[in-house]
file input05.cif (mmCIF, C-alpha atoms)
data_data
loop_
_atom_site.group_PDB
_atom_site.id
_atom_site.type_symbol
_atom_site.label_atom_id
_atom_site.label_comp_id
_atom_site.auth_asym_id
_atom_site.auth_seq_id
_atom_site.Cartn_x
_atom_site.Cartn_y
_atom_site.Cartn_z
ATOM 1 C CA MET S 141 68.304 87.475 128.271
ATOM 2 C CA LEU S 142 68.087 91.266 128.229
ATOM 3 C CA ILE S 143 71.817 91.605 128.980
ATOM 4 C CA TYR S 144 72.663 89.127 126.208
ATOM 5 C CA ASP S 145 70.508 91.032 123.706
ATOM 6 C CA LEU S 146 72.170 94.309 124.693
ATOM 7 C CA GLU S 147 75.677 92.862 124.273
ATOM 8 C CA LEU S 148 74.744 91.356 120.925
ATOM 9 C CA ARG S 149 73.291 94.658 119.700
ATOM 10 C CA ASN S 150 76.404 96.535 120.798
ATOM 11 C CA LEU S 151 78.581 94.058 118.892
ATOM 12 C CA VAL S 152 76.482 94.328 115.751
ATOM 13 C CA GLU S 153 76.439 98.127 115.930
ATOM 14 C CA MET S 154 80.208 98.410 116.436
ATOM 15 C CA ARG S 155 81.434 99.864 113.180
ATOM 16 C CA TYR S 156 84.656 101.756 112.743
ATOM 17 C CA ASN S 157 85.056 104.082 109.783
ATOM 18 C CA ILE S 158 87.769 102.048 108.098
ATOM 19 C CA SER S 159 87.706 104.283 105.032
ATOM 20 C CA ASP S 160 88.693 107.379 107.016
ATOM 21 C CA ILE S 161 91.268 105.463 109.062
ATOM 22 C CA LYS S 162 92.798 104.086 105.869
ATOM 23 C CA LYS S 163 92.850 107.472 104.157
ATOM 24 C CA ASN S 164 94.612 109.039 107.130
ATOM 25 C CA ILE S 165 97.386 106.489 107.610
ATOM 26 C CA ILE S 166 98.001 105.803 103.923
ATOM 27 C CA GLY S 167 98.336 109.551 103.372
ATOM 28 C CA LYS S 168 100.937 109.710 106.135
ATOM 29 C CA LEU S 169 102.837 106.738 104.719
ATOM 30 C CA GLN S 170 102.888 108.240 101.233
ATOM 31 C CA LYS S 171 104.249 111.497 102.608
ATOM 32 C CA ASN S 172 106.714 110.222 105.209
ATOM 33 C CA LEU S 173 108.138 106.851 104.165
ATOM 34 C CA PRO S 174 111.710 107.232 102.834
ATOM 35 C CA ASP S 175 112.214 106.452 99.139
ATOM 36 C CA HIS S 176 114.830 103.791 99.891
ATOM 37 C CA LEU S 177 112.159 101.595 101.480
ATOM 38 C CA VAL S 178 111.309 99.731 98.295
ATOM 39 C CA TYR S 179 109.920 96.731 100.183
ATOM 40 C CA HIS S 180 108.374 98.326 103.285
ATOM 41 C CA ASP S 181 106.457 100.810 101.161
ATOM 42 C CA VAL S 182 102.794 101.716 100.750
ATOM 43 C CA ALA S 183 102.300 98.878 98.265
ATOM 44 C CA HIS S 184 103.418 96.383 100.902
ATOM 45 C CA THR S 185 100.973 97.774 103.457
ATOM 46 C CA LEU S 186 98.096 97.582 100.973
ATOM 47 C CA TYR S 187 99.131 94.031 100.039
ATOM 48 C CA VAL S 188 99.039 92.954 103.681
ATOM 49 C CA VAL S 189 95.637 94.625 104.106
ATOM 50 C CA GLU S 190 94.331 92.703 101.086
ATOM 51 C CA LYS S 191 95.772 89.366 102.167
ATOM 52 C CA ALA S 192 94.617 89.816 105.755
ATOM 53 C CA ALA S 193 91.065 90.351 104.494
ATOM 54 C CA PHE S 194 91.348 87.270 102.283
ATOM 55 C CA ILE S 195 92.649 85.081 105.118
ATOM 56 C CA CYS S 196 89.916 86.458 107.399
ATOM 57 C CA MET S 197 87.351 85.226 104.898
ATOM 58 C CA LYS S 198 88.948 81.791 104.717
ATOM 59 C CA GLU S 199 89.314 81.558 108.500
ATOM 60 C CA LYS S 200 85.749 82.758 109.138
ATOM 61 C CA VAL S 201 86.405 85.443 111.754
ATOM 62 C CA SER S 202 83.789 87.803 113.178
ATOM 63 C CA ALA S 203 82.897 91.122 111.568
ATOM 64 C CA LEU S 204 84.464 93.037 114.457
ATOM 65 C CA ASP S 205 87.706 91.072 114.305
ATOM 66 C CA LYS S 206 87.891 91.707 110.554
ATOM 67 C CA GLN S 207 87.782 95.445 111.257
ATOM 68 C CA LEU S 208 90.450 95.269 113.939
ATOM 69 C CA ILE S 209 92.708 93.108 111.758
ATOM 70 C CA ASN S 210 92.208 95.580 108.910
ATOM 71 C CA ILE S 211 93.272 98.483 111.116
ATOM 72 C CA ALA S 212 96.266 96.555 112.458
ATOM 73 C CA ALA S 213 97.344 95.736 108.906
ATOM 74 C CA LEU S 214 97.129 99.398 107.920
ATOM 75 C CA TYR S 215 99.369 100.419 110.826
ATOM 76 C CA HIS S 216 101.674 97.403 111.145
ATOM 77 C CA ASP S 217 104.682 99.031 109.405
ATOM 78 C CA SER S 218 103.892 102.689 110.092
ATOM 79 C CA GLY S 219 106.878 102.814 112.435
ATOM 80 C CA PHE S 220 109.151 102.827 109.388
ATOM 81 C CA MET S 221 108.212 106.491 109.024
ATOM 82 C CA VAL S 222 110.454 107.029 112.067
ATOM 83 C CA SER S 223 113.042 104.240 111.938
ATOM 84 C CA PRO S 224 113.380 100.577 110.934
ATOM 85 C CA ASP S 225 114.673 99.837 114.441
ATOM 86 C CA ASN S 226 111.937 98.468 116.718
ATOM 87 C CA HIS S 227 109.436 99.656 114.152
ATOM 88 C CA GLU S 228 106.651 97.451 115.544
ATOM 89 C CA GLU S 229 106.750 99.258 118.889
ATOM 90 C CA THR S 230 106.801 102.598 117.076
ATOM 91 C CA SER S 231 103.881 101.461 114.907
ATOM 92 C CA CYS S 232 101.880 100.789 118.065
ATOM 93 C CA LYS S 233 102.658 104.266 119.393
ATOM 94 C CA ILE S 234 101.515 105.826 116.113
ATOM 95 C CA ALA S 235 98.324 103.745 116.106
ATOM 96 C CA ARG S 236 97.517 104.705 119.685
ATOM 97 C CA LYS S 237 98.098 108.391 118.973
ATOM 98 C CA ASP S 238 95.958 108.357 115.823
ATOM 99 C CA LEU S 239 93.167 106.136 117.096
ATOM 100 C CA ASN S 240 92.838 106.766 120.836
ATOM 101 C CA LYS S 241 89.745 108.957 120.396
ATOM 102 C CA ILE S 242 87.953 106.756 117.872
ATOM 103 C CA VAL S 243 88.797 103.160 118.831
ATOM 104 C CA LYS S 244 87.808 101.548 122.135
ATOM 105 C CA PRO S 245 90.781 101.060 124.497
ATOM 106 C CA ASP S 246 90.458 97.272 124.610
ATOM 107 C CA HIS S 247 90.199 97.144 120.822
ATOM 108 C CA LEU S 248 93.280 99.351 120.513
ATOM 109 C CA ASP S 249 95.150 96.975 122.826
ATOM 110 C CA LYS S 250 94.145 94.116 120.552
ATOM 111 C CA ILE S 251 95.300 96.028 117.454
ATOM 112 C CA CYS S 252 98.705 96.688 119.034
ATOM 113 C CA SER S 253 99.072 93.044 120.032
ATOM 114 C CA MET S 254 98.454 92.101 116.407
ATOM 115 C CA ILE S 255 101.051 94.595 115.211
ATOM 116 C CA MET S 256 103.584 93.139 117.644
ATOM 117 C CA SER S 257 102.815 89.639 116.342
ATOM 118 C CA THR S 258 104.519 90.572 113.054
ATOM 119 C CA LYS S 259 107.865 91.069 114.805
ATOM 120 C CA ILE S 260 110.484 88.513 113.742
ATOM 121 C CA PRO S 261 110.566 85.823 114.983
ATOM 122 C CA GLN S 262 106.790 85.825 114.870
ATOM 123 C CA SER S 263 105.045 84.503 117.959
ATOM 124 C CA PRO S 264 101.308 85.210 117.661
ATOM 125 C CA LYS S 265 99.179 84.081 120.579
ATOM 126 C CA THR S 266 95.652 84.543 119.205
ATOM 127 C CA HIS S 267 93.801 83.723 116.008
ATOM 128 C CA CYS S 268 93.708 87.386 114.976
ATOM 129 C CA GLU S 269 97.429 87.764 115.613
ATOM 130 C CA SER S 270 98.103 84.641 113.551
ATOM 131 C CA ILE S 271 96.107 86.049 110.630
ATOM 132 C CA LEU S 272 98.073 89.297 110.521
ATOM 133 C CA ALA S 273 101.391 87.503 110.995
ATOM 134 C CA ASP S 274 100.600 85.218 108.064
ATOM 135 C CA ALA S 275 99.333 88.068 105.890
ATOM 136 C CA ASP S 276 102.628 89.908 106.419
ATOM 137 C CA LEU S 277 104.636 86.942 105.084
ATOM 138 C CA GLU S 278 102.020 85.354 102.829
ATOM 139 C CA TYR S 279 104.195 86.102 99.799
ATOM 140 C CA LEU S 280 106.712 83.459 100.919
ATOM 141 C CA GLY S 281 104.362 80.814 99.570
ATOM 142 C CA THR S 282 103.358 82.518 96.327
ATOM 143 C CA ASN S 283 104.665 83.119 92.809
ATOM 144 C CA SER S 284 105.709 86.635 93.854
ATOM 145 C CA PHE S 285 108.300 85.248 96.267
ATOM 146 C CA TRP S 286 111.273 86.026 94.019
ATOM 147 C CA SER S 287 110.249 89.501 92.848
ATOM 148 C CA THR S 288 109.149 90.566 96.307
ATOM 149 C CA GLY S 289 112.324 89.131 97.792
ATOM 150 C CA ASP S 290 114.388 91.181 95.345
ATOM 151 C CA LEU S 291 112.816 94.341 96.765
ATOM 152 C CA LEU S 292 113.705 93.326 100.305
ATOM 153 C CA PHE S 293 117.244 92.494 99.156
ATOM 154 C CA GLN S 294 117.577 95.979 97.638
ATOM 155 C CA GLU S 295 116.329 97.531 100.847
ATOM 156 C CA ILE S 296 118.818 95.586 102.967
ATOM 157 C CA GLN S 297 121.633 96.578 100.600
ATOM 158 C CA TYR S 298 120.783 100.252 101.130
ATOM 159 C CA PHE S 299 121.647 99.861 104.806
ATOM 160 C CA ASN S 300 124.472 97.373 104.196
ATOM 161 C CA PRO S 301 126.090 97.830 100.735
ATOM 162 C CA LYS S 302 128.444 94.894 101.335
ATOM 163 C CA PHE S 303 125.519 92.486 101.696
ATOM 164 C CA SER S 304 125.842 90.231 98.637
ATOM 165 C CA GLU S 305 123.386 88.106 96.704
ATOM 166 C CA GLY S 306 125.079 85.051 98.211
ATOM 167 C CA ASP S 307 124.530 86.457 101.687
ATOM 168 C CA TRP S 308 120.894 87.063 100.802
ATOM 169 C CA ASN S 309 120.335 83.530 99.546
ATOM 170 C CA LYS S 310 121.839 82.074 102.733
ATOM 171 C CA LEU S 311 119.678 84.364 104.860
ATOM 172 C CA GLN S 312 116.586 83.276 102.950
ATOM 173 C CA VAL S 313 117.412 79.597 103.429
ATOM 174 C CA SER S 314 117.818 80.148 107.158
ATOM 175 C CA PHE S 315 114.631 82.183 107.428
ATOM 176 C CA LEU S 316 112.412 79.875 105.382
ATOM 177 C CA SER S 317 113.733 76.825 107.223
ATOM 178 C CA LYS S 318 112.574 78.291 110.539
ATOM 179 C CA HIS S 319 109.384 80.029 109.409
ATOM 180 C CA GLN S 320 106.010 78.427 110.078
ATOM 181 C CA TYR S 321 102.626 79.624 108.913
ATOM 182 C CA LYS S 322 100.134 79.939 111.735
ATOM 183 C CA THR S 323 96.698 79.777 110.098
ATOM 184 C CA LYS S 324 95.030 76.689 108.708
ATOM 185 C CA PHE S 325 94.606 78.349 105.311
ATOM 186 C CA CYS S 326 98.262 79.284 104.849
ATOM 187 C CA ARG S 327 99.495 75.950 106.161
ATOM 188 C CA GLN S 328 97.298 74.202 103.619
ATOM 189 C CA TYR S 329 97.696 76.465 100.602
ATOM 190 C CA ARG S 330 100.995 78.369 101.014
ATOM 191 C CA GLU S 331 103.379 76.031 102.842
ATOM 192 C CA LYS S 332 104.057 73.648 99.957
ATOM 193 C CA TYR S 333 104.990 76.507 97.626
ATOM 194 C CA LYS S 334 107.255 77.989 100.285
ATOM 195 C CA GLN S 335 109.002 74.641 100.561
ATOM 196 C CA ASN S 336 109.525 74.607 96.777
ATOM 197 C CA HIS S 337 111.191 78.019 97.003
ATOM 198 C CA LEU S 338 113.357 76.759 99.842
ATOM 199 C CA LYS S 339 114.553 73.782 97.781
ATOM 200 C CA LYS S 340 115.579 76.081 94.929
ATOM 201 C CA LEU S 341 117.432 78.363 97.314
ATOM 202 C CA GLU S 342 119.247 75.452 98.909
ATOM 203 C CA LYS S 343 120.576 74.479 95.459
ATOM 204 C CA LEU S 344 121.797 78.045 94.935
ATOM 205 C CA VAL S 345 123.840 78.129 98.121
ATOM 206 C CA LYS S 346 125.565 74.760 97.601
#
call {"tool": "encode", "arguments": {"input": "input05.cif", "output": "structure tokens"}}
result
Amino acid sequence: MLIYDLELRNLVEMRYNISDIKKNIIGKLQKNLPDHLVYHDVAHTLYVVEKAAFICMKEKVSALDKQLINIAALYHDSGFMVSPDNHEETSCKIARKDLNKIVKPDHLDKICSMIMSTKIPQSPKTHCESILADADLEYLGTNSFWSTGDLLFQEIQYFNPKFSEGDWNKLQVSFLSKHQYKTKFCRQYREKYKQNHLKKLEKLVK
């Protein structure tokens, strides 16, 4: 009983200073993200942080997991400061460098696993990984699908100027056809809207 009480107290007392962590990484993103990243920008990171917190509430995760998901969301696209190529792996390296002295090693491992779960095609293995993966693509099943998609289209065109709107629509049809939400909340409340967007896109590419 004494060991159980000690473990419970340690869990309750585990509090990371999310405010300082957020201030540090957001400051770096604001300073170092290239201007041509109009989709993978600071606004996107903050959106994923917000949606991850919302899905956490709906999925009823523990207080500790909420913190770790929050941190993972803050760092999940930080690798874009270096390169879009393999940015998830780079994001993990940045997170480990920034957080190794303030986050427990096993918690840092969990954060990096969540970051890697956002890599396309997504293949989360845990509940926490599923929450972050869904938060990253939550917009697919919302009214902001078209405006947010336009930003991603612009970003792709920067790297490939010959990539046309027709190419983009076909890519979206392919992607949405294969994508699956992982959490109960998103499957229930986002999937049907995503399917509506897919139907509209399919008409555009005919």
call {"tool": "resolve_selection", "arguments": {"input": "input05.cif", "expression": "the PyMOL selection byres ((chain S and resi 187) around 10)", "output": "count of residues only"}}
result
17
call {"tool": "resolve_selection", "arguments": {"input": "input05.cif", "expression": "the PyMOL selection byres ((chain S and resi 231-239) around 12)", "output": "PDB file with C-alpha atoms, keeping the file's coordinate frame"}}
result
ATOM      1  CA  TYR S 156      84.656 101.756 112.743  1.00  0.00           C
ATOM      2  CA  ASN S 157      85.056 104.082 109.783  1.00  0.00           C
ATOM      3  CA  ILE S 158      87.769 102.048 108.098  1.00  0.00           C
ATOM      4  CA  ASP S 160      88.693 107.379 107.016  1.00  0.00           C
ATOM      5  CA  ILE S 161      91.268 105.463 109.062  1.00  0.00           C
ATOM      6  CA  LYS S 162      92.798 104.086 105.869  1.00  0.00           C
ATOM      7  CA  ASN S 164      94.612 109.039 107.130  1.00  0.00           C
ATOM      8  CA  ILE S 165      97.386 106.489 107.610  1.00  0.00           C
ATOM      9  CA  LYS S 168     100.937 109.710 106.135  1.00  0.00           C
ATOM     10  CA  LEU S 169     102.837 106.738 104.719  1.00  0.00           C
ATOM     11  CA  LEU S 208      90.450  95.269 113.939  1.00  0.00           C
ATOM     12  CA  ILE S 211      93.272  98.483 111.116  1.00  0.00           C
ATOM     13  CA  ALA S 212      96.266  96.555 112.458  1.00  0.00           C
ATOM     14  CA  ALA S 213      97.344  95.736 108.906  1.00  0.00           C
ATOM     15  CA  LEU S 214      97.129  99.398 107.920  1.00  0.00           C
ATOM     16  CA  TYR S 215      99.369 100.419 110.826  1.00  0.00           C
ATOM     17  CA  HIS S 216     101.674  97.403 111.145  1.00  0.00           C
ATOM     18  CA  ASP S 217     104.682  99.031 109.405  1.00  0.00           C
ATOM     19  CA  SER S 218     103.892 102.689 110.092  1.00  0.00           C
ATOM     20  CA  GLY S 219     106.878 102.814 112.435  1.00  0.00           C
ATOM     21  CA  PHE S 220     109.151 102.827 109.388  1.00  0.00           C
ATOM     22  CA  MET S 221     108.212 106.491 109.024  1.00  0.00           C
ATOM     23  CA  VAL S 222     110.454 107.029 112.067  1.00  0.00           C
ATOM     24  CA  SER S 223     113.042 104.240 111.938  1.00  0.00           C
ATOM     25  CA  PRO S 224     113.380 100.577 110.934  1.00  0.00           C
ATOM     26  CA  ASP S 225     114.673  99.837 114.441  1.00  0.00           C
ATOM     27  CA  ASN S 226     111.937  98.468 116.718  1.00  0.00           C
ATOM     28  CA  HIS S 227     109.436  99.656 114.152  1.00  0.00           C
ATOM     29  CA  GLU S 228     106.651  97.451 115.544  1.00  0.00           C
ATOM     30  CA  GLU S 229     106.750  99.258 118.889  1.00  0.00           C
ATOM     31  CA  THR S 230     106.801 102.598 117.076  1.00  0.00           C
ATOM     32  CA  ASN S 240      92.838 106.766 120.836  1.00  0.00           C
ATOM     33  CA  LYS S 241      89.745 108.957 120.396  1.00  0.00           C
ATOM     34  CA  ILE S 242      87.953 106.756 117.872  1.00  0.00           C
ATOM     35  CA  VAL S 243      88.797 103.160 118.831  1.00  0.00           C
ATOM     36  CA  LYS S 244      87.808 101.548 122.135  1.00  0.00           C
ATOM     37  CA  PRO S 245      90.781 101.060 124.497  1.00  0.00           C
ATOM     38  CA  ASP S 246      90.458  97.272 124.610  1.00  0.00           C
ATOM     39  CA  HIS S 247      90.199  97.144 120.822  1.00  0.00           C
ATOM     40  CA  LEU S 248      93.280  99.351 120.513  1.00  0.00           C
ATOM     41  CA  ASP S 249      95.150  96.975 122.826  1.00  0.00           C
ATOM     42  CA  LYS S 250      94.145  94.116 120.552  1.00  0.00           C
ATOM     43  CA  ILE S 251      95.300  96.028 117.454  1.00  0.00           C
ATOM     44  CA  CYS S 252      98.705  96.688 119.034  1.00  0.00           C
ATOM     45  CA  SER S 253      99.072  93.044 120.032  1.00  0.00           C
ATOM     46  CA  MET S 254      98.454  92.101 116.407  1.00  0.00           C
ATOM     47  CA  ILE S 255     101.051  94.595 115.211  1.00  0.00           C
ATOM     48  CA  MET S 256     103.584  93.139 117.644  1.00  0.00           C
ATOM     49  CA  SER S 257     102.815  89.639 116.342  1.00  0.00           C
ATOM     50  CA  THR S 258     104.519  90.572 113.054  1.00  0.00           C
ATOM     51  CA  LYS S 259     107.865  91.069 114.805  1.00  0.00           C
TER      52      LYS S 259
END
call {"tool": "resolve_selection", "arguments": {"input": "input05.cif", "expression": "the PyMOL selection byres ((chain S and resi 324) around 10)", "output": "count of residues only"}}
result
14
call {"tool": "atom_distance", "arguments": {"input": "input05.cif", "atom1": "atom CA of S:Thr288", "atom2": "atom CA of S:Val178"}}
result
9.6 Å
call {"tool": "atom_distance", "arguments": {"input": "input05.cif", "atom1": "atom CA of S:Asp274", "atom2": "atom CA of S:Cys196"}}
result
10.8 Å
call {"tool": "atom_distance", "arguments": {"input": "input05.cif", "atom1": "atom CA of S:Lys200", "atom2": "atom CA of S:His319"}}
result
23.8 Å
call {"tool": "closest_residue", "arguments": {"input": "input05.cif", "among": "S:Leu173, S:Cys268, S:Leu341, S:Ile260", "to": "S:Gly306", "atoms": "only C-alpha atoms"}}
result
S:Leu341
